[in-house]
Every structure is written in C-alpha cells, then in structure tokens.
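K.L.:
Contents of upload.txt (compact mmCIF, C-alpha atoms) are below:
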# COMPACT_ATOMS: atom_id res chain seq x y z
CA MET I 65 141.64 36.13 118.35
CA MET I 66 143.74 34.46 121.06
CA ASN I 67 144.80 36.35 124.17
CA LYS I 68 148.35 37.51 123.46
CA ILE I 69 149.85 40.90 124.21
CA ASP I 70 152.23 42.42 121.67
CA LEU I 71 153.55 45.52 123.43
CA SER I 72 154.58 47.12 120.13
CA ALA I 73 150.86 47.55 119.38
CA ILE I 74 150.32 49.63 122.53
CA CYS I 75 153.26 51.85 121.63
CA GLN I 76 151.30 53.05 118.58
CA ILE I 77 149.07 55.18 120.85
CA GLN I 78 149.89 58.88 120.45
CA TYR I 79 150.74 61.25 123.32
CA GLY I 80 152.07 64.75 123.85
CA VAL I 81 154.75 65.85 126.34
CA PHE I 82 153.72 67.97 129.33
CA ILE I 83 154.88 69.22 132.72
CA VAL I 84 152.28 68.70 135.44
CA THR I 85 152.84 71.00 138.43
CA SER I 86 151.46 71.55 141.92
CA PHE I 87 152.41 72.89 145.34
CA SER I 88 152.42 72.17 149.07
CA ASN I 89 152.63 75.20 151.37
CA ASP I 90 155.58 77.16 149.93
CA LYS I 91 157.08 74.18 148.07
CA LEU I 92 156.59 73.89 144.31
CA ASN I 93 157.08 70.79 142.20
CA GLY I 94 156.46 69.48 138.70
CA GLN I 95 157.07 66.39 136.60
CA ILE I 96 157.05 65.33 132.97
CA ALA I 97 153.81 63.60 131.96
CA THR I 98 152.64 62.12 128.68
CA VAL I 99 149.09 61.37 129.74
CA VAL I 100 147.13 64.64 129.59
CA PHE I 101 143.88 64.76 127.61
CA GLN I 102 140.53 66.53 127.52
CA VAL I 103 137.59 64.38 128.66
CA THR I 104 134.56 66.70 128.50
CA ILE I 105 133.65 70.06 126.95
CA GLN I 106 130.89 71.24 129.32
CA PRO I 107 132.58 71.93 131.65
CA VAL I 108 136.07 71.61 130.19
CA GLN I 109 137.67 68.76 132.14
CA ILE I 110 141.19 67.52 131.55
CA ALA I 111 142.68 64.35 133.05
CA THR I 112 146.22 63.33 133.90
CA CYS I 113 147.70 60.18 135.42
CA LEU I 114 150.51 60.30 138.00
CA SER I 115 152.58 57.63 139.75
CA LYS I 116 151.89 57.35 143.48
CA LYS I 117 155.67 57.30 143.98
CA ASN I 118 156.07 60.86 142.70
CA LEU I 119 156.19 64.05 144.77
CA THR I 120 153.88 65.85 142.33
CA TYR I 121 151.25 63.17 143.02
CA GLN I 122 151.47 63.98 146.77
CA PHE I 123 151.15 67.71 146.09
CA VAL I 124 148.09 67.27 143.82
CA MET I 125 146.43 64.98 146.40
CA GLU I 126 146.99 67.70 149.00
CA SER I 127 146.25 70.90 147.07
CA LYS I 128 143.48 69.38 144.88
CA ALA I 129 144.84 71.49 142.03
CA PHE I 130 147.35 71.12 139.23
CA GLY I 131 148.85 72.98 136.33
CA VAL I 132 149.85 71.74 132.88
CA SER I 133 152.49 73.16 130.56
CA ILE I 134 152.13 71.83 127.04
CA LEU I 135 155.74 71.56 125.85
CA SER I 136 156.76 72.68 122.38
CA GLU I 137 159.30 70.99 120.11
CA GLU I 138 161.77 73.59 121.39
CA ALA I 139 162.18 71.84 124.76
CA ASP I 140 165.61 70.17 124.89
CA LEU I 141 166.75 67.08 126.74
CA LYS I 142 168.44 69.08 129.51
CA PHE I 143 165.22 70.97 130.31
CA ILE I 144 163.03 67.85 130.11
CA GLY I 145 165.58 65.96 132.22
CA LYS I 146 165.27 68.51 135.04
CA PHE I 147 161.55 67.79 135.36
CA GLY I 148 161.50 64.18 134.20
CA PHE I 149 164.49 62.45 135.69
CA ARG I 150 165.11 64.19 139.02
CA THR I 151 162.96 64.19 142.13
CA GLY I 152 161.84 67.43 143.75
CA ARG I 153 162.38 65.84 147.16
CA ASP I 154 166.04 66.90 147.25
CA PHE I 155 166.18 69.60 144.57
CA ASP I 156 164.22 72.76 143.74
CA LYS I 157 163.20 72.35 140.09
CA PHE I 158 161.91 75.94 139.97
CA THR I 159 165.27 77.67 140.41
CA ASN I 160 166.13 79.21 137.02
CA THR I 161 162.69 78.26 135.67
CA ASN I 162 160.28 80.91 134.36
CA TYR I 163 156.75 80.46 135.62
CA LYS I 164 153.72 82.35 136.82
CA LYS I 165 151.32 81.44 139.57
CA SER I 166 147.60 80.73 139.21
CA VAL I 167 145.08 82.29 141.60
CA ALA I 168 145.30 79.11 143.74
CA GLY I 169 149.12 79.20 143.77
CA ILE I 170 149.88 76.60 141.10
CA PRO I 171 153.15 77.33 139.25
CA LEU I 172 152.63 77.34 135.47
CA ILE I 173 155.91 76.87 133.62
CA LEU I 174 156.48 79.21 130.68
CA ASP I 175 159.85 77.90 129.45
CA HIS I 176 159.46 75.98 126.17
CA ALA I 177 155.66 75.92 126.63
CA SER I 178 153.13 76.15 123.80
CA GLY I 179 150.35 76.66 126.34
CA ILE I 180 149.53 76.57 130.06
CA LEU I 181 146.44 75.24 131.84
CA ASP I 182 145.25 75.78 135.41
CA LEU I 183 142.93 73.15 136.92
CA LYS I 184 141.12 72.18 140.13
CA VAL I 185 140.62 68.48 140.84
CA ASN I 186 137.03 67.27 140.40
CA GLN I 187 137.70 63.53 140.69
CA THR I 188 140.51 61.29 141.91
CA ILE I 189 140.52 57.75 140.50
CA ASP I 190 142.69 55.04 142.06
CA LEU I 191 144.26 52.91 139.33
CA GLY I 192 146.63 50.87 141.52
CA THR I 193 150.19 52.08 140.86
CA HIS I 194 148.90 55.39 139.48
CA THR I 195 146.08 57.84 140.21
CA MET I 196 144.06 59.63 137.58
CA PHE I 197 143.11 63.21 138.38
CA VAL I 198 140.20 64.75 136.46
CA GLY I 199 140.54 68.51 136.67
CA GLU I 200 138.14 71.29 135.74
CA LEU I 201 139.79 73.98 133.68
CA LEU I 202 139.95 77.37 135.42
CA SER I 203 142.21 79.15 132.98
CA ALA I 204 144.13 78.45 129.78
CA GLU I 205 146.64 80.57 127.92
CA LYS I 206 148.53 80.14 124.68
CA VAL I 207 152.20 80.92 125.29
CA SER I 208 153.66 80.48 121.81
CA ASP I 209 152.87 79.35 118.28
CA LYS I 210 155.63 76.75 118.42
CA LYS I 211 154.50 73.23 117.52
CA PRO I 212 153.55 71.09 120.54
CA MET I 213 155.91 68.17 121.07
CA THR I 214 154.61 64.65 120.48
CA TYR I 215 155.92 61.67 122.44
CA ASP I 216 157.07 60.27 119.12
CA TYR I 217 159.13 63.42 118.48
CA TYR I 218 160.56 63.19 122.02
CA HIS I 219 161.80 59.65 121.36
CA ASN I 220 162.91 59.98 117.75
CA VAL I 221 164.20 63.57 117.49
CA VAL I 222 165.02 64.66 121.06
CA LYS I 223 166.24 61.06 121.70
CA GLY I 224 164.60 60.99 125.13
CA LYS I 225 163.97 57.98 127.33
CA THR I 226 160.98 56.97 129.47
CA HIS I 227 161.08 57.12 133.29
CA GLN I 228 160.30 53.88 135.14
CA ASN I 229 157.38 55.57 136.96
CA ALA I 230 155.64 56.56 133.70
CA PRO I 231 152.21 55.02 133.03
CA THR I 232 153.17 54.19 129.42
CA PHE I 233 155.68 51.94 127.74
CA GLN I 234 158.45 53.47 125.68
CA MET G 112 147.39 84.84 136.31
CA MET G 113 143.74 85.80 135.93
CA ASN G 114 141.07 83.19 135.22
CA LYS G 115 140.55 83.32 131.44
CA ILE G 116 140.14 80.41 129.08
CA ASP G 117 141.79 80.61 125.65
CA LEU G 118 140.49 77.52 123.85
CA SER G 119 143.38 77.59 121.37
CA ALA G 120 145.66 76.55 124.25
CA ILE G 121 143.65 73.37 124.87
CA CYS G 122 143.81 72.48 121.18
CA GLN G 123 147.58 72.04 121.55
CA ILE G 124 147.03 68.74 123.39
CA GLN G 125 147.99 65.80 121.17
CA TYR G 126 145.73 62.83 120.39
CA GLY G 127 145.60 59.82 118.09
CA VAL G 128 142.60 58.60 116.05
CA PHE G 129 140.94 55.33 117.05
CA ILE G 130 137.81 53.23 116.58
CA VAL G 131 136.34 52.01 119.87
CA THR G 132 134.08 48.98 119.40
CA SER G 133 131.72 46.83 121.45
CA PHE G 134 128.67 44.60 121.14
CA SER G 135 125.22 43.85 122.53
CA ASN G 136 123.88 40.33 121.89
CA ASP G 137 124.42 39.89 118.13
CA LYS G 138 124.71 43.62 117.39
CA LEU G 139 128.14 45.15 116.78
CA ASN G 140 128.99 48.83 116.89
CA GLY G 141 131.98 51.15 116.88
CA GLN G 142 132.79 54.85 116.88
CA ILE G 143 135.72 57.14 116.20
CA ALA G 144 137.49 58.25 119.40
CA THR G 145 140.47 60.50 119.99
CA VAL G 146 140.80 59.88 123.71
CA VAL G 147 142.56 56.52 124.15
CA PHE G 148 145.65 56.32 126.37
CA GLN G 149 147.54 53.94 128.60
CA VAL G 150 147.20 54.69 132.33
CA THR G 151 149.17 51.90 134.08
CA ILE G 152 151.74 49.26 133.16
CA GLN G 153 151.08 46.64 135.86
CA PRO G 154 148.53 45.57 134.81
CA VAL G 155 148.30 47.29 131.43
CA GLN G 156 145.22 49.49 131.67
CA ILE G 157 143.98 51.72 128.87
CA ALA G 158 141.27 54.35 129.20
CA THR G 159 138.81 55.85 126.75
CA CYS G 160 136.08 58.45 127.08
CA LEU G 161 132.71 58.09 125.34
CA SER G 162 129.66 60.34 125.05
CA LYS G 163 126.59 59.02 126.87
CA LYS G 164 124.60 59.83 123.72
CA ASN G 165 126.46 57.24 121.66
CA LEU G 166 125.39 53.65 120.98
CA THR G 167 128.93 52.38 121.59
CA TYR G 168 128.72 53.84 125.11
CA GLN G 169 125.55 51.77 125.73
CA PHE G 170 127.21 48.63 124.42
CA VAL G 171 130.35 49.08 126.58
CA MET G 172 128.18 49.73 129.66
CA GLU G 173 126.34 46.48 128.95
CA SER G 174 129.18 44.17 127.81
CA LYS G 175 131.84 45.64 130.15
CA ALA G 176 134.30 45.16 127.32
CA PHE G 177 135.64 47.19 124.40
CA GLY G 178 138.07 47.00 121.53
CA VAL G 179 140.36 49.65 120.09
CA SER G 180 141.68 49.92 116.54
CA ILE G 181 144.58 52.35 116.31
CA LEU G 182 144.08 53.94 112.89
CA SER G 183 147.00 54.51 110.54
CA GLU G 184 147.53 57.51 108.26
CA GLU G 185 146.06 55.34 105.48
CA ALA G 186 142.50 55.75 106.81
CA ASP G 187 140.54 58.04 104.48
CA LEU G 188 137.68 60.39 105.18
CA LYS G 189 135.05 58.00 103.78
CA PHE G 190 136.15 55.20 106.13
CA ILE G 191 136.44 57.50 109.16
CA GLY G 192 133.07 59.04 108.28
CA LYS G 193 131.36 55.64 108.42
CA PHE G 194 132.42 55.20 112.05
CA GLY G 195 132.56 58.84 113.10
CA PHE G 196 129.59 60.58 111.57
CA ARG G 197 126.86 57.94 111.37
CA THR G 198 125.00 56.23 114.19
CA GLY G 199 124.86 52.46 114.46
CA ARG G 200 121.23 52.73 115.58
CA ASP G 201 119.92 52.70 112.00
CA PHE G 202 122.89 51.33 110.07
CA ASP G 203 125.23 48.33 110.35
CA LYS G 204 128.74 49.79 110.31
CA PHE G 205 130.29 46.31 110.05
CA THR G 206 128.96 45.45 106.58
CA ASN G 207 131.99 45.57 104.24
CA THR G 208 134.33 46.05 107.21
CA ASN G 209 137.14 43.56 107.95
CA TYR G 210 137.36 42.59 111.59
CA LYS G 211 138.01 39.68 113.88
CA LYS G 212 136.34 38.87 117.15
CA SER G 213 138.00 38.69 120.57
CA VAL G 214 137.33 35.76 122.91
CA ALA G 215 134.56 37.84 124.55
CA GLY G 216 133.01 38.73 121.18
CA ILE G 217 134.37 42.25 120.69
CA PRO G 218 134.85 43.12 117.00
CA LEU G 219 138.37 44.39 116.32
CA ILE G 220 138.53 46.33 113.07
CA LEU G 221 141.48 45.49 110.81
CA ASP G 222 140.85 47.98 107.97
CA HIS G 223 143.40 50.83 108.07
CA ALA G 224 144.54 49.74 111.56
CA SER G 225 148.11 49.95 112.86
CA GLY G 226 147.15 47.84 115.86
CA ILE G 227 144.18 46.32 117.70
CA LEU G 228 143.54 46.05 121.44
CA ASP G 229 141.03 43.92 123.36
CA LEU G 230 139.99 45.12 126.84
CA LYS G 231 137.67 44.32 129.73
CA VAL G 232 136.31 47.22 131.79
CA ASN G 233 137.86 47.56 135.27
CA GLN G 234 136.39 50.96 136.16
CA THR G 235 133.59 53.21 134.90
CA ILE G 236 133.94 56.90 135.80
CA ASP G 237 131.00 59.27 135.37
CA LEU G 238 132.22 62.60 133.98
CA GLY G 239 128.82 64.20 133.33
CA THR G 240 128.25 64.28 129.55
CA HIS G 241 130.82 61.50 129.03
CA THR G 242 131.94 58.34 130.80
CA MET G 243 135.53 57.21 131.12
CA PHE G 244 136.12 53.49 130.84
CA VAL G 245 139.38 52.10 132.26
CA GLY G 246 140.02 48.76 130.60
CA GLU G 247 142.50 46.02 131.39
CA LEU G 248 144.33 44.80 128.31
CA LEU G 249 143.59 41.18 127.42
CA SER G 250 145.27 41.07 124.02
CA ALA G 251 147.12 43.38 121.65
CA GLU G 252 148.27 42.83 118.11
CA LYS G 253 150.22 44.91 115.64
CA VAL G 254 148.39 44.92 112.30
CA SER G 255 150.74 46.98 110.15
CA ASP G 256 153.87 49.11 110.23
CA LYS G 257 151.95 52.08 108.82
CA LYS G 258 152.31 55.25 110.84
CA PRO G 259 149.51 55.79 113.40
CA MET G 260 147.35 58.80 112.59
CA THR G 261 147.50 61.83 114.87
CA TYR G 262 144.48 64.08 115.43
CA ASP G 263 146.58 66.87 113.96
CA TYR G 264 147.09 64.82 110.78
CA TYR G 265 143.35 64.07 110.67
CA HIS G 266 142.52 67.79 110.72
CA ASN G 267 145.33 69.12 108.54
CA VAL G 268 145.93 66.35 105.97
CA VAL G 269 142.74 64.25 105.91
CA LYS G 270 140.76 67.52 106.39
CA GLY G 271 138.41 65.89 108.88
CA LYS G 272 136.00 67.59 111.24
CA THR G 273 135.08 66.94 114.87
CA HIS G 274 131.72 65.40 115.86
CA GLN G 275 129.60 67.38 118.31
CA ASN G 276 129.62 64.44 120.77
CA ALA G 277 133.45 64.34 120.96
CA PRO G 278 135.03 65.10 124.34
CA THR G 279 137.59 67.44 122.73
CA PHE G 280 137.47 70.72 120.88
CA GLN G 281 138.53 70.84 117.25
Once you've parsed the file, please lay out its structure as structure tokens.

P.N.:
Amino acid sequence: MMNKIDLSAICQIQYGVFIVTSFSNDKLNGQIATVVFQVTIQPVQIATCLSKKNLTYQFVMESKAFGVSILSEEADLKFIGKFGFRTGRDFDKFTNTNYKKSVAGIPLILDHASGILDLKVNQTIDLGTHTMFVGELLSAEKVSDKKPMTYDYYHNVVKGKTHQNAPTFQ
Amino acid sequence: MMNKIDLSAICQIQYGVFIVTSFSNDKLNGQIATVVFQVTIQPVQIATCLSKKNLTYQFVMESKAFGVSILSEEADLKFIGKFGFRTGRDFDKFTNTNYKKSVAGIPLILDHASGILDLKVNQTIDLGTHTMFVGELLSAEKVSDKKPMTYDYYHNVVKGKTHQNAPTFQ
C-alpha cells in the first residue's frame, strides 16, 4: 500500500455531539465537542480533545475539571450554534441556558441533553494544536431517554457545519 | 449535584466499530476496538485505546505502528467474533482474511471495511488498565461506500456483546 491520504476515509469514523464545559472564578464557559469517549472502566476515565485557541481549553487547564453534556437529537442548530460558533470571551453562553453545578463548580448543561458527566482531570496530553484531557468520572446522570445525536446526524439532518478549531474533518 | 454515577448515562456516548492491527516480526494480529477517533488535523493524528492484556497492545508497543479498519454495517457476528472474542496467541486471525500490508508491514484488513488507515505511534499514554496510542496518519484509503457501523448498531442490530477487556461499558 502506497502512502496516500484519502480524507474521505477518515470521515467514516463515528462521533457523538457534546458540550464540554468548565469555569474560571465566577466565569462559566462551554463549547461543542465531537471527541468525547471512555478510555478505561476501573476507574471510569473519559477523554476529550480541545483546541488550544478555545476559552474552554483555558478554563479546563486552570480548573483541572470539566463537564460533558451528551446532546440528544433534539438539539437544534440555534442551540448548537450558541456553544459551537461563538466565543465565550465576549458573550455569556449561560444566559438563558439551564444547567446545574457540580460539587467543584462545573456547569452541566441540561438543555437538549441525554446525559451529563462531571470529571476531574487526571492527565493532560499535548497534541500540538490541541490538548487531550483524560478525566476521572465523579458523577454521571441520565437526563432524558431521547436518542443521543451522532455527528452524522448533525451533518445530514441538522445540516450543521464544522468549526475550524475542531480536531476532526467535516 | 451530588456525586453519583449512573452508568446508563455513559452508555449514551457514541462509538464506531473498528479492527486495530499490528505485527511482531512475521506474526500479525488484530482486535476489535470501539475507541478510535481523530484528535488533530495538522498533522492528522488518530488515537486508539487498547487493553494491556491484549496481544495487539504488545505488538503496537513493539512496532510503534498500527492499522485501523473502519468496519461497515456489512460485518457479521462471525467475522467480528474472530477478531473480538478470540486471542491471537493461539490462533492466526489472518488465515482466510483479505488484507494488504502498509509500507511498514502493518496488515490492513479489507473484509467488511469502509476504510483503512495506516499510522505510526507519536505518543503512548499510560491509563492504568489500558494504553492510549496517538498515531500520525501515513495513509488512508476508502474501501467501500457501505455505511460505517456504529456501536449502537453492533449492539441492537448485529446483537453483539462487549468483551471484558474493552475500555467501554456495554
């Protein structure tokens, strides 16, 4: 096999659609993420991958904690756009957003969520443009029985686009 | 929010179904994996997470290279079982399997694949029971237009089970 990269092959990898959240002092922030996955069972560790350009990345580096909302197919483009295509640097994404706080202070978004996860960072892995955070699960709650959204569904049904800071191709 | 873990919430995370392969001298091996995901675009890096108990883990540690076959919905339980529920220690999984070799010697399985990826290991992250390998993509090829299999499809349509060494809950 010769070395040749056909990007359409990479796009066959499956993802979900999530909001990863964190905080810094009294500021809250969150961003859309597609890369969230369990990596061990004992203890339960879950990893995510964030762009170093993003405010949520800064907050996770600082607080050493993050939250995950697993979005359901109910999430619409307007809601996803608020967390995926605007920066929290000049805009409070949590106004008119329903959430509850973890013991550590992480906001866990309830709107359009199938489930919410609360994690503390065990490992931080520098990947160049992005950093992978491996978090240990502190709490997990099912929010609804609605079907979790796949990235495929986001592109083909919700008709969503991919942000330039995402770690994956569209 | 109190600290309480509802495992059904974690099961809402979406995955695909893959075969991760590697080699040691003239021995080839591969195993079913659900955790395969892109983590950066420049360069294209893709991560996977393997149990330290598995032979494929040993081979990737040694060769510093791995392959990924992205399975399509065509893959049946018998085929998945060969790679997912038997060990390569006492059985050659590559007999009667169609594959081609990468430049480095990694076997890339073509049977029931939507796409194949050839990677060299950039980083090895110890996660306790499992190790995460971050690989840089050397080549990628689309094998068919068949729909990639989701983990959800594997459980609900193929009626497959989860191996005890998997990093994810069923």

K.L.:
Residues of chain G no more than 6 Å from chain I, counting all atoms listed in the file: send them over as a VMD selection string.

P.N.:
chain G and resid 112 114 to 117 120 125 to 127 149 to 152 213 226 249 to 253 278 to 279

K.L.:
Region 118-125 of chain I: which residues within 8 Å, counting all atoms listed in the file, same-chain residues fewer than 6 positions away excluded, as an MDAnalysis selection string?

P.N.:
chainID I and resid 84:88 93:95 151:153 195 229

K.L.:
Give the answer as one residue: which of I:Phe147, I:Ala129, I:Lys157, I:Asp216 has the shortest atom-to-atom distance to Ile83 (chain I), using all atoms listed in the file?

P.N.:
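The closest residue to Ile83 (chain I) is I:Phe147.
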
K.L.:
Would you mind reading off the distance between CA of His223 (chain G) and CA of Asn209 (chain G), one decimal, in Å?

P.N.:
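Between CA of His223 (chain G) and CA of Asn209 (chain G) the gap is 9.6 Å.
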
K.L.:
What is the distance, in Å and to one decimal place, between CA of Glu185 (chain G) and CA of Tyr265 (chain G)?

P.N.:
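Separation between CA of Glu185 (chain G) and CA of Tyr265 (chain G): 10.5 Å.
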
K.L.:
For Asp222 (chain G), which residue among G:Asp187, G:Asn267, G:Asp203, G:Glu247 is the nearest when counting only C-alpha atoms?

P.N.:
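For Asp222 (chain G), the nearest of the candidates is G:Asp187.
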
K.L.:
Ranking G:Asn136, G:Lys193, G:Ala224, G:Ala158 by minimum distance to Ser174 (chain G) and counting only C-alpha atoms, which one comes first?

P.N.:
G:Asn136

K.L.:
Do you have the CA of Gly131 (chain I)-CA of Lys117 (chain I) distance handy?

P.N.:
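Distance reported for this atom pair: 18.7 Å.
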
K.L.:
Using only C-alpha atoms, which residue out of I:Lys116, I:Lys128, I:His227, I:Lys91 lies closest to Val185 (chain I)?

P.N.:
I:Lys128

K.L.:
Regenerate region 202-215 of chain G at the level of N, CA and C atoms and dump it as an mmCIF file, keeping the file's coordinate frame.

P.N.:
data_model
loop_
_atom_site.group_PDB
_atom_site.id
_atom_site.type_symbol
_atom_site.label_atom_id
_atom_site.label_comp_id
_atom_site.auth_asym_id
_atom_site.auth_seq_id
_atom_site.Cartn_x
_atom_site.Cartn_y
_atom_site.Cartn_z
ATOM 1 N N PHE G 202 121.936 51.626 111.138
ATOM 2 C CA PHE G 202 122.890 51.330 110.070
ATOM 3 C C PHE G 202 123.927 50.351 110.617
ATOM 4 N N ASP G 203 124.214 49.281 109.886
ATOM 5 C CA ASP G 203 125.230 48.330 110.350
ATOM 6 C C ASP G 203 126.613 48.734 109.822
ATOM 7 N N LYS G 204 127.418 49.286 110.710
ATOM 8 C CA LYS G 204 128.740 49.790 110.310
ATOM 9 C C LYS G 204 129.710 48.671 109.935
ATOM 10 N N PHE G 205 129.352 47.420 110.269
ATOM 11 C CA PHE G 205 130.290 46.310 110.050
ATOM 12 C C PHE G 205 130.114 45.591 108.715
ATOM 13 N N THR G 206 129.081 45.980 107.949
ATOM 14 C CA THR G 206 128.960 45.450 106.580
ATOM 15 C C THR G 206 130.132 46.016 105.780
ATOM 16 N N ASN G 207 130.818 45.156 105.028
ATOM 17 C CA ASN G 207 131.990 45.570 104.240
ATOM 18 C C ASN G 207 133.142 46.114 105.086
ATOM 19 N N THR G 208 133.216 45.677 106.336
ATOM 20 C CA THR G 208 134.330 46.050 107.210
ATOM 21 C C THR G 208 135.053 44.756 107.611
ATOM 22 N N ASN G 209 136.374 44.737 107.499
ATOM 23 C CA ASN G 209 137.140 43.560 107.950
ATOM 24 C C ASN G 209 137.437 43.656 109.434
ATOM 25 N N TYR G 210 137.106 42.601 110.145
ATOM 26 C CA TYR G 210 137.360 42.590 111.590
ATOM 27 C C TYR G 210 137.515 41.160 112.055
ATOM 28 N N LYS G 211 138.092 40.997 113.251
ATOM 29 C CA LYS G 211 138.010 39.680 113.880
ATOM 30 C C LYS G 211 137.463 39.863 115.273
ATOM 31 N N LYS G 212 136.963 38.762 115.837
ATOM 32 C CA LYS G 212 136.340 38.870 117.150
ATOM 33 C C LYS G 212 137.289 38.403 118.247
ATOM 34 N N SER G 213 137.247 39.109 119.382
ATOM 35 C CA SER G 213 138.000 38.690 120.570
ATOM 36 C C SER G 213 137.290 37.493 121.201
ATOM 37 N N VAL G 214 137.927 36.890 122.189
ATOM 38 C CA VAL G 214 137.330 35.760 122.910
ATOM 39 C C VAL G 214 135.949 36.138 123.460
ATOM 40 N N ALA G 215 135.831 37.386 123.961
ATOM 41 C CA ALA G 215 134.560 37.840 124.550
ATOM 42 C C ALA G 215 133.520 38.195 123.494
#
